[in-house]
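Report on the following structure.
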Amino acid sequence: MRSVSYVQRVALDFGGSLFPRAICLGDADNDTLNELVVGDTNGKLYVYKNDDSKPWAVRSCQGMLTCVGVGDVCNKGKNLVVAVSAEGWFHLFDLTSPTSKHPDASGHHELAAAEEQKPVFKQHIPANTKVMLINDIDGDGKCELVVGYTDRVVRAFRWEDWSENSDHISGQLLLLKKWLLEGQVDSLSVNPGPDGSPEMMVSQPGCGYAILLCTWDSEQQATTEGRDNSAPGSEAPIRDVILHQTSGRIHNKNVSTHLIGSIARGTLKLMEGADKLLWSVQVDHQLFALEKLDVTGNGHEEVIACAWDGQTYIIDHNRTVARFQADENVSAFCAGLYACKGGSNSPCLVYVSFNQKIYIYWDVQLERMESTNLLKILDCNPEFGSLLQQLGVERSDVSAVKNLIHKTLYFPEKRQQSSTTQCQDPAGIDSSAHCTVVQDPL
């Protein structure tokens, strides 16, 4: 396991406290560049943009915010910011609406008008929210809102729109389904199933997970169920749940599990399908957050796991591990794309510390995950072979090539003297006019 160091960092001002799921990265204002969205326990929603240490926008919500998200939850072709409180208040903010397009001279949004502080929509849903997901979970091409609760319940909602105007938010959330799980829900994930359709996955204690079946027959039936959700018994738990354990050995059910594949505290597992274990990695830290992010630029996402002390593990599909140590203990973590500098999104790691700061390590890219050596890298360079030929070194003679690289790196003066000596005849007469001097390969 090798260690990596990231030095490009910005510090953002954040004076509140937050729940671990009240932070996310996403395109909050629909300008194709991602922002950082943070919600605190006092009901304040902060949106940070670029490398500015001050919030770009601040909004007020009702209750303690437990989870925030960015996505097209209303299926209008644009992102909205979603904030849900522990008390069950669901807030929608449209940061591309006319009321949010009045920045002051410093580029921050004016906060004087009370109207600009209010959400464009607010609705009460069941309380004690814990985690949230905005995604298409039934394969109909439309996003649903999935919320996990502290009482082992997961609910799926869909937005019913009352207006065809994409700039006007008018409608309500309708309940689609309620699932009751055996254990606590710590994370939600959507993954392709065996037939390519979405599979809704929920973490379960003991390094297990459950697949939730979306069994609503039609949109009309779901709408009817949602409108009758106040009737007694209309939210009777329907247990369309398929439980999976990632190993024959039952892990400690007192520790939580997070998903992309599956993770328990101290143990990371990557699963393919329901029962095929690709790899398992044991670490010596208590992990609390799990993300996925392509840090190598090869199109394949790596697993990013963070511990409370800031130790961060980056693991690829081949089980190659790199780790990064943040400077402080952290209360929340997320990873993704963020437009910090340069007007473009780049891979970032975001840490919320206990000293009223949020640290963003931006452009956290690695050339490769696997370990390598200089000889392998040079061997991939076509110019390297021609330089060896001009120096009279056989490419297949590994010992000679290593000796040449060693002398070039550590004794460049001797290499230069050797080249000069070869350009003189035995009588000491300079014959450089008939000698070719080759530039050192490194």
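Each chain in the structure tokens gets a letter, A, B and so on, in the order shown; residues start at 1 in every chain, and ligands are counted from 1 in the order they appear.
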
Problem set entry | Residues near range 374-378 of chain A, cut-off 9 Å, only C-alpha atoms, skip fewer than 6 positions along chain, as JSON, numbers by chain | {"A": [384, 385, 401, 402, 405]}

Include all heavy atoms and write out the residues we just selected as an mmCIF file, in the first residue's frame.
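Listed below is the output, again.cif:
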```
data_model
loop_
_atom_site.group_PDB
_atom_site.id
_atom_site.type_symbol
_atom_site.label_atom_id
_atom_site.label_comp_id
_atom_site.auth_asym_id
_atom_site.auth_seq_id
_atom_site.Cartn_x
_atom_site.Cartn_y
_atom_site.Cartn_z
ATOM 1 N N PHE A 384 13.325 6.213 -26.527
ATOM 2 C CA PHE A 384 14.274 5.556 -25.631
ATOM 3 C C PHE A 384 15.096 4.496 -26.367
ATOM 4 O O PHE A 384 16.310 4.389 -26.189
ATOM 5 C CB PHE A 384 13.520 4.932 -24.461
ATOM 6 C CG PHE A 384 14.394 4.241 -23.455
ATOM 7 C CD1 PHE A 384 15.383 4.939 -22.772
ATOM 8 C CD2 PHE A 384 14.231 2.889 -23.177
ATOM 9 C CE1 PHE A 384 16.187 4.311 -21.843
ATOM 10 C CE2 PHE A 384 15.030 2.250 -22.249
ATOM 11 C CZ PHE A 384 16.007 2.967 -21.582
ATOM 12 N N GLY A 385 14.423 3.732 -27.220
ATOM 13 C CA GLY A 385 15.127 2.692 -27.966
ATOM 14 C C GLY A 385 16.174 3.249 -28.915
ATOM 15 O O GLY A 385 17.292 2.719 -29.017
ATOM 16 N N VAL A 401 21.294 -1.550 -19.349
ATOM 17 C CA VAL A 401 20.347 -0.428 -19.373
ATOM 18 C C VAL A 401 20.209 0.169 -17.976
ATOM 19 O O VAL A 401 20.205 1.399 -17.799
ATOM 20 C CB VAL A 401 18.979 -0.887 -19.909
ATOM 21 C CG1 VAL A 401 17.950 0.233 -19.771
ATOM 22 C CG2 VAL A 401 19.089 -1.306 -21.367
ATOM 23 N N LYS A 402 20.093 -0.695 -16.961
ATOM 24 C CA LYS A 402 19.997 -0.194 -15.588
ATOM 25 C C LYS A 402 21.252 0.572 -15.193
ATOM 26 O O LYS A 402 21.180 1.601 -14.513
ATOM 27 C CB LYS A 402 19.764 -1.357 -14.632
ATOM 28 C CG LYS A 402 18.373 -1.963 -14.702
ATOM 29 C CD LYS A 402 18.215 -3.053 -13.649
ATOM 30 C CE LYS A 402 16.803 -3.609 -13.646
ATOM 31 N NZ LYS A 402 16.642 -4.673 -12.630
ATOM 32 N N ILE A 405 21.133 4.020 -16.793
ATOM 33 C CA ILE A 405 20.193 4.910 -16.106
ATOM 34 C C ILE A 405 20.765 5.355 -14.765
ATOM 35 O O ILE A 405 20.654 6.525 -14.374
ATOM 36 C CB ILE A 405 18.832 4.191 -15.912
ATOM 37 C CG1 ILE A 405 18.174 3.928 -17.275
ATOM 38 C CG2 ILE A 405 17.903 5.018 -15.030
ATOM 39 C CD1 ILE A 405 16.890 3.129 -17.181
#
```

Exercise. Within 9 Å of Lys142 in chain A, counting only C-alpha atoms, which residues qualify if same-chain residues fewer than 5 places away don't, as a ChimeraX atom specification?
Worked result: /A:72-75,135-137,158

Atoms kept (C-alpha atoms) for selection, written as a short mmCIF file (atom, residue, chain, number, x, y, z; two decimals), in the first residue's frame:
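Written file, out-v7.cif:
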```
data_model
loop_
_atom_site.label_atom_id
_atom_site.label_comp_id
_atom_site.auth_asym_id
_atom_site.auth_seq_id
_atom_site.Cartn_x
_atom_site.Cartn_y
_atom_site.Cartn_z
CA ASP A 72 -33.53 16.71 -11.63
CA VAL A 73 -35.99 15.55 -9.00
CA CYS A 74 -38.92 17.24 -10.76
CA ASN A 75 -37.96 15.81 -14.17
CA ASN A 135 -32.02 8.63 -9.34
CA ASP A 136 -34.08 6.56 -11.76
CA ILE A 137 -34.71 3.40 -9.75
CA ARG A 158 -42.09 10.69 -7.34
#
```

Exercise. Can you tell me, as a PyMOL selection string, what residues are no more than 12 Å from Trp308 in chain A when counting only C-alpha atoms, ignoring any on the same chain fewer than 6 positions away?
Worked result: chain A and resi 20+265-266+284-290+325-333+351-354

Exercise. If we count only C-alpha atoms, what is near Glu301 in chain A at a cut-off of 12 Å, once residues fewer than 6 positions away on the same chain are taken out, given as an MDAnalysis selection string?
Worked result: chainID A and resid 260 291:295 314:318 335:336 347 365 369

For this session: Determine, counting only C-alpha atoms, which protein, DNA and RNA residues have an atom within 8 Å of an atom of Val38 in chain A; residues of the same chain fewer than 2 positions away are not included. Present the result as a ChimeraX atom specification.
Result: /A:22-24,36,40,45-47,68

Write the residues of the selection above to a file with all heavy atoms, as a tab-separated table (two decimals), in the first residue's frame.
```tsv
chain	number	residue	atom	x	y	z
A	22	ALA	N	-25.22	15.46	4.95
A	22	ALA	CA	-25.68	16.80	4.57
A	22	ALA	C	-24.62	17.55	3.78
A	22	ALA	O	-24.38	18.73	3.99
A	22	ALA	CB	-26.08	17.59	5.80
A	23	ILE	N	-23.97	16.85	2.85
A	23	ILE	CA	-22.95	17.46	2.00
A	23	ILE	C	-22.92	16.71	0.68
A	23	ILE	O	-23.05	15.48	0.64
A	23	ILE	CB	-21.57	17.42	2.69
A	23	ILE	CG1	-20.51	18.12	1.83
A	23	ILE	CG2	-21.15	16.01	3.04
A	23	ILE	CD1	-19.18	18.32	2.54
A	24	CYS	N	-22.78	17.44	-0.42
A	24	CYS	CA	-22.71	16.80	-1.73
A	24	CYS	C	-22.11	17.75	-2.75
A	24	CYS	O	-22.02	18.97	-2.53
A	24	CYS	CB	-24.10	16.33	-2.20
A	24	CYS	SG	-25.18	17.65	-2.78
A	36	LEU	N	-20.37	22.96	-4.37
A	36	LEU	CA	-20.44	22.20	-3.13
A	36	LEU	C	-21.65	22.69	-2.33
A	36	LEU	O	-21.78	23.89	-2.08
A	36	LEU	CB	-19.16	22.40	-2.31
A	36	LEU	CG	-19.14	21.76	-0.92
A	36	LEU	CD1	-19.19	20.25	-1.01
A	36	LEU	CD2	-17.92	22.23	-0.12
A	40	ASP	N	-26.52	22.60	7.45
A	40	ASP	CA	-26.13	22.47	8.85
A	40	ASP	C	-27.31	22.16	9.74
A	40	ASP	O	-28.46	22.09	9.29
A	40	ASP	CB	-25.38	23.72	9.33
A	40	ASP	CG	-26.26	24.95	9.45
A	40	ASP	OD1	-27.49	24.83	9.32
A	40	ASP	OD2	-25.71	26.05	9.69
A	45	LEU	N	-28.59	26.36	4.49
A	45	LEU	CA	-28.06	25.66	3.32
A	45	LEU	C	-27.03	26.57	2.66
A	45	LEU	O	-27.33	27.70	2.29
A	45	LEU	CB	-29.19	25.34	2.34
A	45	LEU	CG	-28.81	24.51	1.12
A	45	LEU	CD1	-28.53	23.07	1.50
A	45	LEU	CD2	-29.91	24.57	0.07
A	46	TYR	N	-25.80	26.07	2.52
A	46	TYR	CA	-24.71	26.85	1.95
A	46	TYR	C	-24.30	26.24	0.61
A	46	TYR	O	-24.17	25.02	0.48
A	46	TYR	CB	-23.50	26.85	2.89
A	46	TYR	CG	-23.78	27.40	4.27
A	46	TYR	CD1	-24.23	26.56	5.29
A	46	TYR	CD2	-23.59	28.74	4.56
A	46	TYR	CE1	-24.49	27.05	6.56
A	46	TYR	CE2	-23.84	29.24	5.82
A	46	TYR	CZ	-24.30	28.40	6.82
A	46	TYR	OH	-24.55	28.90	8.08
A	47	VAL	N	-24.06	27.12	-0.36
A	47	VAL	CA	-23.58	26.69	-1.68
A	47	VAL	C	-22.26	27.41	-1.95
A	47	VAL	O	-22.21	28.66	-1.96
A	47	VAL	CB	-24.60	27.01	-2.79
A	47	VAL	CG1	-24.07	26.52	-4.15
A	47	VAL	CG2	-25.94	26.36	-2.48
A	68	VAL	N	-28.69	16.43	1.90
A	68	VAL	CA	-28.88	17.36	0.80
A	68	VAL	C	-28.51	16.63	-0.50
A	68	VAL	O	-27.79	15.63	-0.50
A	68	VAL	CB	-28.02	18.63	0.96
A	68	VAL	CG1	-28.40	19.40	2.22
A	68	VAL	CG2	-26.53	18.28	0.97
```

Exercise. Which residue gives the smallest distance to Ile358 in chain A among A:Asn34, A:Ser53, A:Thr41, A:Thr312, with only C-alpha atoms counted?
Worked result: A:Ser53

Exercise. For the atom pair CA of Ala127 in chain A and CA of Phe14 in chain A, what is the interatomic distance in Å to one decimal place?
Worked result: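 So the two atoms, CA of Ala127 in chain A and CA of Phe14 in chain A, lie 26.1 Å apart.
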
Taking 6 positions as the minimum chain separation for residues in the same chain, which residues sit within 9 Å of Ser170 in chain A when counting only C-alpha atoms? Answer as a compact mmCIF listing (two decimals) with N, CA and C atoms, in the first residue's frame.
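That gives us result-v2.txt:
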```txt
# COMPACT_ATOMS: atom_id res chain seq x y z
N VAL A 120 -38.45 27.28 -3.30
CA VAL A 120 -39.52 27.39 -4.29
C VAL A 120 -40.62 26.38 -4.01
N PHE A 121 -40.32 25.39 -3.16
CA PHE A 121 -41.34 24.41 -2.79
C PHE A 121 -40.94 23.79 -1.46
N GLU A 160 -45.12 14.79 -8.80
CA GLU A 160 -46.27 14.98 -9.68
C GLU A 160 -46.33 16.45 -10.06
N ASP A 161 -46.16 16.72 -11.33
CA ASP A 161 -46.06 18.11 -11.80
C ASP A 161 -47.44 18.64 -12.15
N TRP A 162 -47.72 19.85 -11.73
CA TRP A 162 -48.98 20.50 -12.04
C TRP A 162 -48.84 21.56 -13.11
N SER A 163 -47.62 21.78 -13.59
CA SER A 163 -47.38 22.84 -14.57
C SER A 163 -46.46 22.31 -15.66
```
